[in-house]
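One structure below.
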Amino acid sequence: MKMMSKICFILPQFKTGGGNRVFVELANILVDERDIEIIYPKNSLEKNSFSLKKEVKIISIGKFYKNKFLKIKNLFELIFWINKNRKEEIIVISDPIMSILSFLFLSKKLIRFIQADDYRIYDLNKEIIGNKFLLFLYKKLIKFSYMNKNIKFIFNSKFVYDQFVSISSLSSRRNIVHPGVNLDIFCNIADKKKPEDKRVNLCLVARKHPLKGLDKFLQVWDKLECKDKIKNVNIICFEEIEELKKYKKIFNIKNPNSDKEISELMNKSDIFISTSVWEGFGLPSLEAMACGCSIISTKNGGCNEYLIENENAFLFEESDLEDFKVKLTQLIEEKELREKFSNEGLKTVKKFSWENTAKQFKNILKEELK
């Protein structure tokens with residue numbers, strides 16, 4: 001028999017992304033013992049690659065609008081719908097824009113799962129908040145939202161918790177729930193390519209968001225002197241990105257329809273590259289690690305949960321493109337180094353499973369909502 005309170009995971013939109021994946025994977029596990037709903041405003045037409053159990057109920061609120069202000073209207077509609085229909089249930093929110101409206105939720109069981117540095121997330125993204133006054137106002141509202149005593153906080157990494165403490169000056173419980181990896185899907189296939197082909201394959205996830213740092217990879221690629229030792233550059237991309245158009249004949253740009261297809265691309269790759277300015281956790285790097293890739297990543301904060309410099313990965317400062325190029329070249333040219341990072345990575349990833357994520361999450365719920 002399932003527990004009384006259902007859990008409602010509130011997404012900003014239902015598209016592929018690390019934050020959304022955490023809620024989807026938690027839903028897939030927790031639905032065996034609770035009623036689970038995923039609720040979101042219809043603010044994107046972008047598809048997702050998630051595999052979701054049929055028992056998990058999906059609810060979309062509002063109509064799709066391109067206009068930003070009408071998208072905000074969808075957010076209010078969603079909040080009012082939840083207050084009318086789900087105020088007695090456990091409500092879990094993550095999106096920073098939705099979080100500044102958290103004071104409108106009537107639920108007494110409101111959980112805020114912080115998966116990024118909410119305070120700085122729009123500093124570089126002018127497409128969402130390009131006006132300086134609006135950005136200033138947003139930051140004030142974020143600080144104000146941290147003071148809401150009705151909210152219980154969960155963090156996906158020590159980095160995110162530390163950012164929260166430094167901005168809010170609060171000493172909230174250090175409730176950390178790490179994301180995990182589905183090792184049945186993201187797993188290493190030993191025979192990645194024919195032994196006689198000594199060239200390597202690169203892989204990265206491309207996003208428009210400037211914090212994801214795609215421009216850094218493209219700058220280094222243009223100056224890379226060992227391209228003859230590279231067979232393919234596998235780009236996992238879920239949106240149209242203007243900067244990639246001139247590379248269509250050079251890169252293998254794919255829009256996967258499932259996690260299995262993402263895993264297949266990672267398994268065809270030797271090196272996975274992460275160029276984010278910062279990450280709350282950085283799940284794609286961990287998934288690539290599970291597929292046997294050697295990792296080269298920015299020192300983006302969240303990756304500290306699982307990447308150890310010179311042991312299972314190369315790390316570089318996001319502003320130091322010369323160091324990035326030198327270390328990427330070294331990885332491309334040194335097979336033994338790639339094998340070392342790959343083997344150590346396969347050991348590391350065993351510590352991160354969605355079952356452990358769900359266990360951490362349930363323990364925190366039990367403690368915070370008792």
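Chain labels run A, B, ... following the order of the structure tokens; each chain numbers its residues from 1, and ligands are numbered from 1 in the order shown.
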
Handout entry: Long-range neighbours of Ser258 of chain A as number ranges by chain, 8 Å cut-off, only C-alpha atoms, 6 positions minimum in chain
Key = A: 48-51

Exercise for the section: Do a neighbour search on Tyr247 of chain A at 12 Å with only C-alpha atoms, toss out local chain neighbours closer than 2 positions, and write the hits as a PyMOL selection string. Expected result: chain A and resi 218+221-222+233-235+241-245+249-253

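The shortest atom-to-atom distance to Ile332 of chain A, with only C-alpha atoms taken into account, belongs to A:Lys198 out of A:Lys198, A:Lys248, A:Lys366, A:Asp215.
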
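Near Arg173 of chain A, within 9 Å and counting only C-alpha atoms, sit Lys152, Phe153, Ile154 and Ile176 of chain A; same-chain residues fewer than 3 positions away were not included.
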
Quick one: write out the picked residues with all heavy atoms as an mmCIF file, in the first residue's frame?
```
data_model
loop_
_atom_site.group_PDB
_atom_site.id
_atom_site.type_symbol
_atom_site.label_atom_id
_atom_site.label_comp_id
_atom_site.auth_asym_id
_atom_site.auth_seq_id
_atom_site.Cartn_x
_atom_site.Cartn_y
_atom_site.Cartn_z
ATOM 1 N N LYS A 152 11.880 23.950 3.082
ATOM 2 C CA LYS A 152 12.992 23.078 3.467
ATOM 3 C C LYS A 152 13.926 22.968 2.255
ATOM 4 O O LYS A 152 13.461 22.801 1.128
ATOM 5 C CB LYS A 152 12.478 21.697 3.870
ATOM 6 C CG LYS A 152 11.374 21.710 4.918
ATOM 7 C CD LYS A 152 11.810 22.359 6.217
ATOM 8 C CE LYS A 152 10.689 22.316 7.255
ATOM 9 N NZ LYS A 152 11.066 22.999 8.502
ATOM 10 N N PHE A 153 15.232 23.060 2.502
ATOM 11 C CA PHE A 153 16.191 23.101 1.398
ATOM 12 C C PHE A 153 16.940 21.778 1.230
ATOM 13 O O PHE A 153 17.329 21.138 2.212
ATOM 14 C CB PHE A 153 17.212 24.221 1.618
ATOM 15 C CG PHE A 153 16.629 25.601 1.531
ATOM 16 C CD1 PHE A 153 16.243 26.280 2.680
ATOM 17 C CD2 PHE A 153 16.458 26.222 0.301
ATOM 18 C CE1 PHE A 153 15.702 27.553 2.616
ATOM 19 C CE2 PHE A 153 15.918 27.498 0.217
ATOM 20 C CZ PHE A 153 15.539 28.169 1.375
ATOM 21 N N ILE A 154 17.151 21.415 -0.035
ATOM 22 C CA ILE A 154 18.006 20.290 -0.407
ATOM 23 C C ILE A 154 18.983 20.810 -1.453
ATOM 24 O O ILE A 154 18.634 21.651 -2.291
ATOM 25 C CB ILE A 154 17.187 19.111 -0.979
ATOM 26 C CG1 ILE A 154 16.279 18.510 0.108
ATOM 27 C CG2 ILE A 154 18.095 18.025 -1.543
ATOM 28 C CD1 ILE A 154 15.389 17.385 -0.404
ATOM 29 N N ILE A 176 22.342 17.196 1.407
ATOM 30 C CA ILE A 176 22.880 16.992 0.061
ATOM 31 C C ILE A 176 22.358 15.683 -0.519
ATOM 32 O O ILE A 176 22.445 14.626 0.101
ATOM 33 C CB ILE A 176 24.422 17.014 0.068
ATOM 34 C CG1 ILE A 176 24.919 18.422 0.456
ATOM 35 C CG2 ILE A 176 24.973 16.597 -1.293
ATOM 36 C CD1 ILE A 176 26.411 18.561 0.533
#
```

Would you mind listing, for every residue of segment 72-184 of chain A within 7 Å of segment 7-14 of chain A, the two atoms forming the shortest contact and the distance between them in Å to one decimal, using only C-alpha atoms, sorted by chain and ascending residue number, as JSON lines?
```
{"residue": "A:Glu89", "atom": "CA", "partner": "A:Ile7", "partner_atom": "CA", "distance": 6.3}
{"residue": "A:Ile90", "atom": "CA", "partner": "A:Ile7", "partner_atom": "CA", "distance": 4.8}
{"residue": "A:Ile91", "atom": "CA", "partner": "A:Cys8", "partner_atom": "CA", "distance": 5.0}
{"residue": "A:Val92", "atom": "CA", "partner": "A:Phe9", "partner_atom": "CA", "distance": 4.9}
{"residue": "A:Ile93", "atom": "CA", "partner": "A:Ile10", "partner_atom": "CA", "distance": 5.1}
{"residue": "A:Asp95", "atom": "CA", "partner": "A:Pro12", "partner_atom": "CA", "distance": 5.7}
```

Problem - Exercise: Ser157 of chain A partners within 9 Å, only C-alpha atoms, chain neighbours under 3 positions left out, as a ChimeraX atom specification - result: /A:115-116,160-162,176-179,280-281,301-305

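Summary of the local environment: counting only C-alpha atoms, residues at most 9 Å from Ala288 of chain A, other than itself and those fewer than 3 positions away along its chain, are Phe186, Cys187, Asn188, Cys203, Ser263, Met266, Asn267, Ser269, Ile271, Phe272, Leu283, Pro284, Ser285, Cys291, Gly292, Cys293, Ser294 and Ile295 of chain A.
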
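Nearest-residue note for Asn175 of chain A: choosing from A:Ile114, A:Ile82, A:Ile230, A:Ala206, the minimum distance belongs to A:Ile114, counting only C-alpha atoms.
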
Practice task
Please give the complete set of residues from segment 36-107 of chain A that DSSP, run on the backbone, assigns to alpha helix (DSSP H), formatted as a VMD selection string.
Solution key: chain A and resid 68 to 85 96 to 99

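Across A:Glu88, A:Glu225, A:Glu311, A:Asp184, the tightest approach to Ala290 of chain A is made by A:Asp184 when counting only C-alpha atoms.
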
Problem - Near-Lys299 of chain A list (10 Å; only C-alpha atoms; drop same-chain fewer than 3 positions) as a ChimeraX atom specification - result: /A:274-279,296,302-304,307,309,314-318

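The residues of segment 170-226 of chain A that DSSP assigns to strand (DSSP E or B) on this backbone come out as Ile176, Val181, Val200, Asn201, Leu202, Cys203, Leu204, Val205 and Ala206 of chain A.
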
Just-selected residues, C-alpha atoms written as a compact mmCIF listing (two decimals), in the first residue's frame:
```
# COMPACT_ATOMS: atom_id res chain seq x y z
CA ILE A 176 22.88 16.99 0.06
CA VAL A 181 23.75 7.29 -13.09
CA VAL A 200 40.36 9.22 -30.96
CA ASN A 201 36.76 10.39 -30.73
CA LEU A 202 35.74 13.42 -28.71
CA CYS A 203 32.33 14.10 -27.18
CA LEU A 204 30.56 17.02 -25.54
CA VAL A 205 27.06 18.30 -24.83
CA ALA A 206 26.36 21.60 -26.59
```

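Minimum atom-to-atom distances from A:Arg199, A:Met147, A:Lys87, A:Ser94 to Asn20 of chain A were compared using only C-alpha atoms, and the lowest value belongs to A:Ser94.
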
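Of the residues under consideration (A:Asn182, A:Asn148, A:Asn356, A:Ser5), A:Asn148 shows the shortest atom-to-atom contact distance to Leu170 of chain A when counting only C-alpha atoms.
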